[in-house]
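Colleague: As input, take final_0.cif (mmCIF, C-alpha atoms):
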data_model
#
loop_
_atom_site.label_atom_id
_atom_site.label_comp_id
_atom_site.auth_asym_id
_atom_site.auth_seq_id
_atom_site.Cartn_x
_atom_site.Cartn_y
_atom_site.Cartn_z
CA MET A 1 -16.48 7.76 -6.10
CA THR A 2 -14.99 4.76 -7.90
CA LYS A 3 -15.21 1.18 -6.65
CA SER A 4 -11.49 1.22 -5.91
CA GLU A 5 -11.86 4.43 -3.83
CA GLU A 6 -14.79 2.97 -1.91
CA HIS A 7 -12.82 -0.19 -1.20
CA PHE A 8 -9.75 1.84 -0.20
CA TYR A 9 -11.74 3.91 2.32
CA LYS A 10 -13.37 0.75 3.69
CA ILE A 11 -9.93 -0.71 4.33
CA ALA A 12 -8.67 2.58 5.82
CA ARG A 13 -11.44 2.43 8.45
CA GLU A 14 -9.93 -0.87 9.69
CA PHE A 15 -7.00 1.13 11.10
CA PRO A 16 -8.48 3.52 13.70
CA ASP A 17 -5.06 4.81 14.78
CA SER A 18 -4.29 5.85 11.20
CA LYS A 19 -5.53 8.62 8.95
CA THR A 20 -5.89 9.22 5.25
CA GLY A 21 -3.70 11.75 3.49
CA LYS A 22 -1.79 12.26 0.25
CA MET A 23 1.40 10.78 -1.17
CA PHE A 24 2.54 11.62 -4.72
CA GLY A 25 -0.80 13.42 -5.01
CA ALA A 26 -2.73 10.19 -4.40
CA LEU A 27 -4.84 9.01 -1.47
CA CYS A 28 -2.84 7.18 1.17
CA ILE A 29 -3.17 5.78 4.67
CA LYS A 30 -0.62 6.92 7.25
CA ASN A 31 0.05 5.38 10.63
CA SER A 32 0.02 7.36 13.88
CA LYS A 33 3.62 8.43 13.25
CA GLY A 34 2.72 9.85 9.83
CA LYS A 35 4.35 7.04 7.83
CA ALA A 36 2.43 5.95 4.73
CA PHE A 37 1.76 2.24 4.42
CA ALA A 38 -0.85 2.08 1.65
CA MET A 39 -1.80 4.26 -1.28
CA LEU A 40 -4.43 4.29 -4.01
CA TRP A 41 -2.70 4.90 -7.33
CA LYS A 42 -5.28 5.28 -10.09
CA ASP A 43 -7.37 2.15 -9.41
CA ASP A 44 -4.53 0.11 -7.90
CA ILE A 45 -3.45 -0.34 -4.31
CA VAL A 46 0.21 0.28 -3.49
CA VAL A 47 1.69 -1.23 -0.31
CA LYS A 48 5.11 -1.39 1.32
CA LEU A 49 6.24 -4.97 2.06
CA ASP A 50 9.32 -6.90 3.12
CA VAL A 51 11.35 -8.63 0.40
CA GLU A 52 9.70 -12.03 0.85
CA GLU A 53 6.18 -10.61 0.58
CA VAL A 54 7.17 -8.42 -2.37
CA ASN A 55 8.31 -11.54 -4.23
CA LYS A 56 5.05 -13.36 -3.42
CA ALA A 57 2.91 -10.42 -4.50
CA LEU A 58 4.80 -9.99 -7.78
CA LYS A 59 3.66 -13.48 -8.81
CA LEU A 60 0.12 -12.12 -9.25
CA LYS A 61 -0.43 -11.17 -12.89
CA GLY A 62 -0.40 -7.41 -13.41
CA THR A 63 1.25 -6.70 -10.06
CA LYS A 64 4.52 -4.76 -10.28
CA LEU A 65 6.96 -2.66 -8.34
CA PHE A 66 5.57 0.85 -7.92
CA ASP A 67 7.22 3.29 -10.31
CA PRO A 68 5.52 6.69 -9.95
CA MET A 69 7.89 8.63 -12.19
CA GLY A 70 8.83 5.91 -14.68
CA GLY A 71 12.27 4.34 -14.82
CA ARG A 72 12.99 4.05 -11.11
CA PRO A 73 10.79 1.48 -9.32
CA MET A 74 10.55 1.62 -5.53
CA LYS A 75 11.90 -1.75 -4.34
CA GLU A 76 9.65 -2.26 -1.29
CA TRP A 77 6.44 -0.83 -2.78
CA VAL A 78 4.13 -3.11 -4.79
CA GLN A 79 1.34 -1.90 -7.05
CA MET A 80 -1.59 -4.33 -7.26
CA PRO A 81 -4.53 -4.01 -9.67
CA TYR A 82 -8.16 -3.76 -8.56
CA GLU A 83 -8.83 -7.26 -9.88
CA TYR A 84 -7.12 -8.46 -6.67
CA SER A 85 -9.19 -6.19 -4.42
CA THR A 86 -10.23 -9.20 -2.33
CA LYS A 87 -6.56 -9.52 -1.34
CA TRP A 88 -5.99 -5.81 -0.71
CA GLU A 89 -6.96 -5.81 2.96
CA ASN A 90 -4.52 -8.60 3.77
CA TYR A 91 -1.68 -6.81 1.97
CA VAL A 92 -2.51 -3.50 3.67
CA LYS A 93 -2.39 -5.25 7.07
CA GLN A 94 1.02 -6.70 6.19
CA SER A 95 2.20 -3.27 5.09
CA TYR A 96 0.92 -1.64 8.30
CA LYS A 97 2.92 -4.13 10.38
CA TYR A 98 6.01 -3.87 8.16
CA VAL A 99 6.12 -0.07 8.27
CA ALA A 100 5.71 -0.11 12.08
CA THR A 101 8.52 -2.66 12.40
CA ALA A 102 10.82 -0.87 9.94
CA ASP A 103 10.29 2.37 11.87
CA LYS A 104 11.37 0.69 15.13
CA LYS A 105 14.50 -0.79 13.51
CA LYS A 106 15.68 2.66 12.41
CA ARG A 107 15.73 3.96 15.97
#
Is it possible to give me this structure as structure tokens?
Modeller:
Amino acid sequence: MTKSEEHFYKIAREFPDSKTGKMFGALCIKNSKGKAFAMLWKDDIVVKLDVEEVNKALKLKGTKLFDPMGGRPMKEWVQMPYEYSTKWENYVKQSYKYVATADKKKR
């Protein structure tokens, strides 16, 4: 298991009402409603954030909008390199809250 996978699973355990699964063939964490809020893409973390947090995160060197297929980035999903792994947990917590809130707004 890689360091990024170990760190990802450690973070996943912080969300007892969530479970790990797959998204785009990669490890992800899904909330109790089955909505993904974090994913491990290669050795990077990918999280879903509101516009303000996306803009803050993109200021970190090497961080970018997630583009799994190339040519069509996902506007709310940010891909962050392992070098920022100390910040991952905070961003995953923000993503968890954002996805829960966004789900409520759709109803």
Colleague: Could you list, as a list in words, every residue matched by the PyMOL selection byres ((chain A and resi 47) around 6) in this structure?
Modeller: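 When the PyMOL selection byres ((chain A and resi 47) around 6) is applied, the selected residues are Phe37, Ala38, Val46, Lys48, Trp77, Val78 and Ser95 of chain A.
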Colleague: Out of A:Asp43, A:Pro73, A:Leu49, A:Leu65, which residue has the shortest atom-to-atom distance to Lys3 of chain A when counting all atoms listed in the file?
Modeller: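 The shortest atom-to-atom distance to Lys3 of chain A comes from A:Asp43.
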Colleague: Can you turn the PyMOL selection byres ((chain A and resi 35) around 12) into a concrete residue list for this file, as a ChimeraX atom specification?
Modeller: /A:17-23,28-34,36-39,47-48,95-104
Colleague: Counting all atoms listed in the file, figure out which residue out of A:Val54, A:Lys59, A:Asp44, A:Leu27 gets nearest to Met74 of chain A.
Modeller: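 Among the listed residues, A:Val54 lies closest to Met74 of chain A.
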Colleague: Choose the residue, out of A:Met80, A:Gly70, A:Phe8, A:Trp41, that has the smallest atom-to-atom separation from Lys56 of chain A; count only C-alpha atoms.
Modeller: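 Of all the options, A:Met80 lies closest to Lys56 of chain A.
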Colleague: If I take atom CA of Leu58 of chain A and atom CA of Arg13 of chain A, how far is one from the other in Å, to one decimal?
Modeller: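 Atom CA of Arg13 of chain A lies 26.1 Å from atom CA of Leu58 of chain A.
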Colleague: So, counting all atoms listed in the file, which residue among A:Ala26, A:Tyr9, A:Asp50, A:Arg72 is closest to Trp88 of chain A?
Modeller: A:Tyr9
Colleague: So, counting all atoms listed in the file, which residue among A:Glu76, A:Pro16, A:Glu52, A:Ser85 is closest to Ser4 of chain A?
Modeller: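 Closest to Ser4 of chain A, using all atoms listed in the file: A:Ser85.
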Colleague: Enter the distance from atom CA of Gly71 of chain A to atom CA of Lys87 of chain A, in Å, rounded to one decimal.
Modeller: 27.0 Å
Colleague: Just how far from atom CA of His7 of chain A is atom CA of Pro68 of chain A, in Å to one decimal?
Modeller: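 Going from atom CA of Pro68 of chain A over to atom CA of His7 of chain A covers 21.5 Å.
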Colleague: Using all atoms listed in the file, which of A:Lys64, A:Thr2, A:Val92, A:Tyr82 sits nearest Phe15 of chain A?
Modeller: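 Using all atoms listed in the file, the shortest distance to Phe15 of chain A belongs to A:Val92.
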Colleague: Using only the atoms of segment 7-26 of chain A listed in the file, plus 3 Å on each side, state the axis-aligned box centre and edge lengths in Å rounded to one decimal, as lines of an AutoDock Vina configuration file.
Modeller:
center_x = -5.4
center_y = 6.3
center_z = 4.9
size_x = 21.9
size_y = 20.3
size_z = 25.8
Colleague: Since the input is missing atoms, can you rebuild N, CA and C atoms for segment 24-52 of chain A and write them as a PDB file, in the coordinates of the input?
Modeller:
ATOM      1  N   PHE A  24       2.435  11.479  -3.268  1.00  0.00           N
ATOM      2  CA  PHE A  24       2.540  11.620  -4.720  1.00  0.00           C
ATOM      3  C   PHE A  24       1.223  12.113  -5.318  1.00  0.00           C
ATOM      4  N   GLY A  25       0.469  12.890  -4.551  1.00  0.00           N
ATOM      5  CA  GLY A  25      -0.800  13.420  -5.010  1.00  0.00           C
ATOM      6  C   GLY A  25      -1.954  12.430  -4.976  1.00  0.00           C
ATOM      7  N   ALA A  26      -1.709  11.240  -4.449  1.00  0.00           N
ATOM      8  CA  ALA A  26      -2.730  10.190  -4.400  1.00  0.00           C
ATOM      9  C   ALA A  26      -3.172   9.949  -2.959  1.00  0.00           C
ATOM     10  N   LEU A  27      -4.353   9.376  -2.796  1.00  0.00           N
ATOM     11  CA  LEU A  27      -4.840   9.010  -1.470  1.00  0.00           C
ATOM     12  C   LEU A  27      -3.902   8.001  -0.823  1.00  0.00           C
ATOM     13  N   CYS A  28      -3.650   8.167   0.461  1.00  0.00           N
ATOM     14  CA  CYS A  28      -2.840   7.180   1.170  1.00  0.00           C
ATOM     15  C   CYS A  28      -3.352   7.034   2.593  1.00  0.00           C
ATOM     16  N   ILE A  29      -2.876   6.005   3.259  1.00  0.00           N
ATOM     17  CA  ILE A  29      -3.170   5.780   4.670  1.00  0.00           C
ATOM     18  C   ILE A  29      -1.842   5.887   5.411  1.00  0.00           C
ATOM     19  N   LYS A  30      -1.830   6.720   6.448  1.00  0.00           N
ATOM     20  CA  LYS A  30      -0.620   6.920   7.250  1.00  0.00           C
ATOM     21  C   LYS A  30      -0.864   6.438   8.671  1.00  0.00           C
ATOM     22  N   ASN A  31       0.176   5.837   9.248  1.00  0.00           N
ATOM     23  CA  ASN A  31       0.050   5.380  10.630  1.00  0.00           C
ATOM     24  C   ASN A  31       0.117   6.558  11.596  1.00  0.00           C
ATOM     25  N   SER A  32       0.048   6.292  12.874  1.00  0.00           N
ATOM     26  CA  SER A  32       0.020   7.360  13.880  1.00  0.00           C
ATOM     27  C   SER A  32       1.292   8.198  13.902  1.00  0.00           C
ATOM     28  N   LYS A  33       2.359   7.684  13.324  1.00  0.00           N
ATOM     29  CA  LYS A  33       3.620   8.430  13.250  1.00  0.00           C
ATOM     30  C   LYS A  33       3.761   9.195  11.928  1.00  0.00           C
ATOM     31  N   GLY A  34       2.716   9.126  11.092  1.00  0.00           N
ATOM     32  CA  GLY A  34       2.720   9.850   9.830  1.00  0.00           C
ATOM     33  C   GLY A  34       3.383   9.123   8.677  1.00  0.00           C
ATOM     34  N   LYS A  35       3.705   7.843   8.869  1.00  0.00           N
ATOM     35  CA  LYS A  35       4.350   7.040   7.830  1.00  0.00           C
ATOM     36  C   LYS A  35       3.293   6.360   6.953  1.00  0.00           C
ATOM     37  N   ALA A  36       3.378   6.572   5.656  1.00  0.00           N
ATOM     38  CA  ALA A  36       2.430   5.950   4.730  1.00  0.00           C
ATOM     39  C   ALA A  36       2.699   4.460   4.616  1.00  0.00           C
ATOM     40  N   PHE A  37       1.614   3.686   4.587  1.00  0.00           N
ATOM     41  CA  PHE A  37       1.760   2.240   4.420  1.00  0.00           C
ATOM     42  C   PHE A  37       0.865   1.690   3.316  1.00  0.00           C
ATOM     43  N   ALA A  38      -0.012   2.497   2.774  1.00  0.00           N
ATOM     44  CA  ALA A  38      -0.850   2.080   1.650  1.00  0.00           C
ATOM     45  C   ALA A  38      -1.270   3.320   0.876  1.00  0.00           C
ATOM     46  N   MET A  39      -1.446   3.141  -0.425  1.00  0.00           N
ATOM     47  CA  MET A  39      -1.800   4.260  -1.280  1.00  0.00           C
ATOM     48  C   MET A  39      -2.693   3.752  -2.407  1.00  0.00           C
ATOM     49  N   LEU A  40      -3.601   4.608  -2.861  1.00  0.00           N
ATOM     50  CA  LEU A  40      -4.430   4.290  -4.010  1.00  0.00           C
ATOM     51  C   LEU A  40      -3.846   5.047  -5.194  1.00  0.00           C
ATOM     52  N   TRP A  41      -3.316   4.311  -6.148  1.00  0.00           N
ATOM     53  CA  TRP A  41      -2.700   4.900  -7.330  1.00  0.00           C
ATOM     54  C   TRP A  41      -3.566   4.527  -8.523  1.00  0.00           C
ATOM     55  N   LYS A  42      -4.275   5.516  -9.049  1.00  0.00           N
ATOM     56  CA  LYS A  42      -5.280   5.280 -10.090  1.00  0.00           C
ATOM     57  C   LYS A  42      -6.301   4.314  -9.495  1.00  0.00           C
ATOM     58  N   ASP A  43      -6.445   3.122 -10.012  1.00  0.00           N
ATOM     59  CA  ASP A  43      -7.370   2.150  -9.410  1.00  0.00           C
ATOM     60  C   ASP A  43      -6.637   0.994  -8.756  1.00  0.00           C
ATOM     61  N   ASP A  44      -5.358   1.158  -8.504  1.00  0.00           N
ATOM     62  CA  ASP A  44      -4.530   0.110  -7.900  1.00  0.00           C
ATOM     63  C   ASP A  44      -4.197   0.463  -6.454  1.00  0.00           C
ATOM     64  N   ILE A  45      -3.943  -0.555  -5.666  1.00  0.00           N
ATOM     65  CA  ILE A  45      -3.450  -0.340  -4.310  1.00  0.00           C
ATOM     66  C   ILE A  45      -1.922  -0.457  -4.370  1.00  0.00           C
ATOM     67  N   VAL A  46      -1.250   0.336  -3.576  1.00  0.00           N
ATOM     68  CA  VAL A  46       0.210   0.280  -3.490  1.00  0.00           C
ATOM     69  C   VAL A  46       0.544   0.102  -2.010  1.00  0.00           C
ATOM     70  N   VAL A  47       1.338  -0.912  -1.697  1.00  0.00           N
ATOM     71  CA  VAL A  47       1.690  -1.230  -0.310  1.00  0.00           C
ATOM     72  C   VAL A  47       3.192  -1.454  -0.179  1.00  0.00           C
ATOM     73  N   LYS A  48       3.695  -1.186   1.023  1.00  0.00           N
ATOM     74  CA  LYS A  48       5.110  -1.390   1.320  1.00  0.00           C
ATOM     75  C   LYS A  48       5.259  -2.723   2.049  1.00  0.00           C
ATOM     76  N   LEU A  49       6.099  -3.615   1.516  1.00  0.00           N
ATOM     77  CA  LEU A  49       6.240  -4.970   2.060  1.00  0.00           C
ATOM     78  C   LEU A  49       7.702  -5.349   2.200  1.00  0.00           C
ATOM     79  N   ASP A  50       7.953  -6.370   3.027  1.00  0.00           N
ATOM     80  CA  ASP A  50       9.320  -6.900   3.120  1.00  0.00           C
ATOM     81  C   ASP A  50       9.620  -7.685   1.841  1.00  0.00           C
ATOM     82  N   VAL A  51      10.881  -7.994   1.643  1.00  0.00           N
ATOM     83  CA  VAL A  51      11.350  -8.630   0.400  1.00  0.00           C
ATOM     84  C   VAL A  51      10.588  -9.913   0.079  1.00  0.00           C
ATOM     85  N   GLU A  52      10.394 -10.754   1.072  1.00  0.00           N
ATOM     86  CA  GLU A  52       9.700 -12.030   0.850  1.00  0.00           C
ATOM     87  C   GLU A  52       8.274 -11.807   0.352  1.00  0.00           C
TER      88      GLU A  52
END
